[in-house]
Structures are given as structure tokens and as C-alpha cells.
Amino acid sequence: MLMSLKNIFRCFTFAEMPWIQQKIASALFATPPSSTYEEALNYFDKAEEAEPNFYSKNLLMLGKTYIKLQNKRLALLWLSKAANYPARNEEDKQVQKEAAELLKLLRT
């Protein structure tokens with residue numbers, strides 16, 4: 001069974017956590033939260049395999065994760081999908097905007 005989307009996005013957030021925040025979390029929690037971009041990618045991929053194009057933010061997060069993993073080709077692929085996803089609500093519009101901005105940066 002797939003993790004909830006909230007937990008999937010949390011993996012990416014923890015992977016992105018700066019060193020000082022990791023130290024603060026270590027002081028607050030017996031076992032501080034941790035994750036890697038590879039782990040986050042695994043969950044985003046599984047979600048996409050289960051239901052392709054189900055959620056614009058998953059497409060965006062795939063693109064952002066590939067940026068972090070320095071895979072420009074796949075980052076461009078997923079960000080293009082996110083930018084071209086039909087906007088059905090405000091979140092989709094925000095995803096389109098962020099994806100377009102990231103695409104512009106990657107193409108320069």
C-alpha cells in the first residue's frame with residue numbers, strides 16, 4: 001500500500017533539511033526524521049505507477065527530485081508534464097507556475 005501523500009512529500013522535505021535543522025530535530029526527537037531524495041523518488045514513482053497523471057503536484061515533485069539528483073533529462077520530462085497538466089484548481093495553477101519557472105531555469 002502506498003504511503004499517504006503527506007508522508008511522501010515529507011520524505012522530500014526531510015531530505016532537503018539543512019544540517020542545523022537536523023541537529024535541532026535530533027535534540028527534540030529520540031530518533032530525528034530523516035530521508036533521502038532517492039527514497040522520496042521511490043515513493044513519487046510508485047504513486048505515479050499506481051495512477052499515472054493523478055496529481056499535478058506529484059509530477060512537480062518528481063521533477064524537483066530529479067533536479068536534486070542532478071538528472072536534468074528526467075527533471076525536464078516531469079516538469080514539462082507538470083507545466084502542461086490541465087489546471088482544475090488553484091493548486092494545479094500554482095504547480096504549473098512553479099514547473100514553468102523551474103523549466104526556464106533548467107533550459108538556460
# chains A, B, ... in the order shown; residues from 1 in each chain; ligands from 1
$ residues_around --residues "range 66-78 of chain A" --least-positions-apart "5" --cutoff "10 Å" --atoms "only C-alpha atoms" --output "compact mmCIF listing (two decimals) with C-alpha atoms, in the first residue's frame"
# COMPACT_ATOMS: atom_id res chain seq x y z
CA PHE A 12 11.42 15.16 0.18
CA ALA A 15 15.93 15.07 2.53
CA GLU A 16 16.16 18.82 1.94
CA TYR A 37 16.00 12.08 -2.34
CA GLU A 38 16.25 8.50 -3.58
CA LEU A 41 11.78 9.43 -5.63
CA SER A 56 -0.12 17.60 -10.66
CA ASN A 58 3.35 14.54 -7.82
CA LEU A 59 4.57 15.40 -11.33
CA LEU A 60 6.19 18.55 -9.97
CA MET A 61 7.81 16.70 -7.10
CA ALA A 83 3.57 22.56 -16.57
CA ASN A 84 1.16 21.08 -19.14
CA ALA A 99 7.07 23.99 -13.04
CA LEU A 102 11.94 25.60 -12.99
CA LEU A 103 11.86 24.67 -16.67
CA LYS A 104 13.03 28.15 -17.57
CA LEU A 106 16.93 24.40 -16.38
CA ARG A 107 16.88 25.46 -20.02
$ atom_distance --atom1 "CA of Asn89 in chain A" --atom2 "CA of Ala50 in chain A"
22.3 Å
$ atom_distance --atom1 "CA of Ala100 in chain A" --atom2 "CA of Thr65 in chain A"
15.6 Å
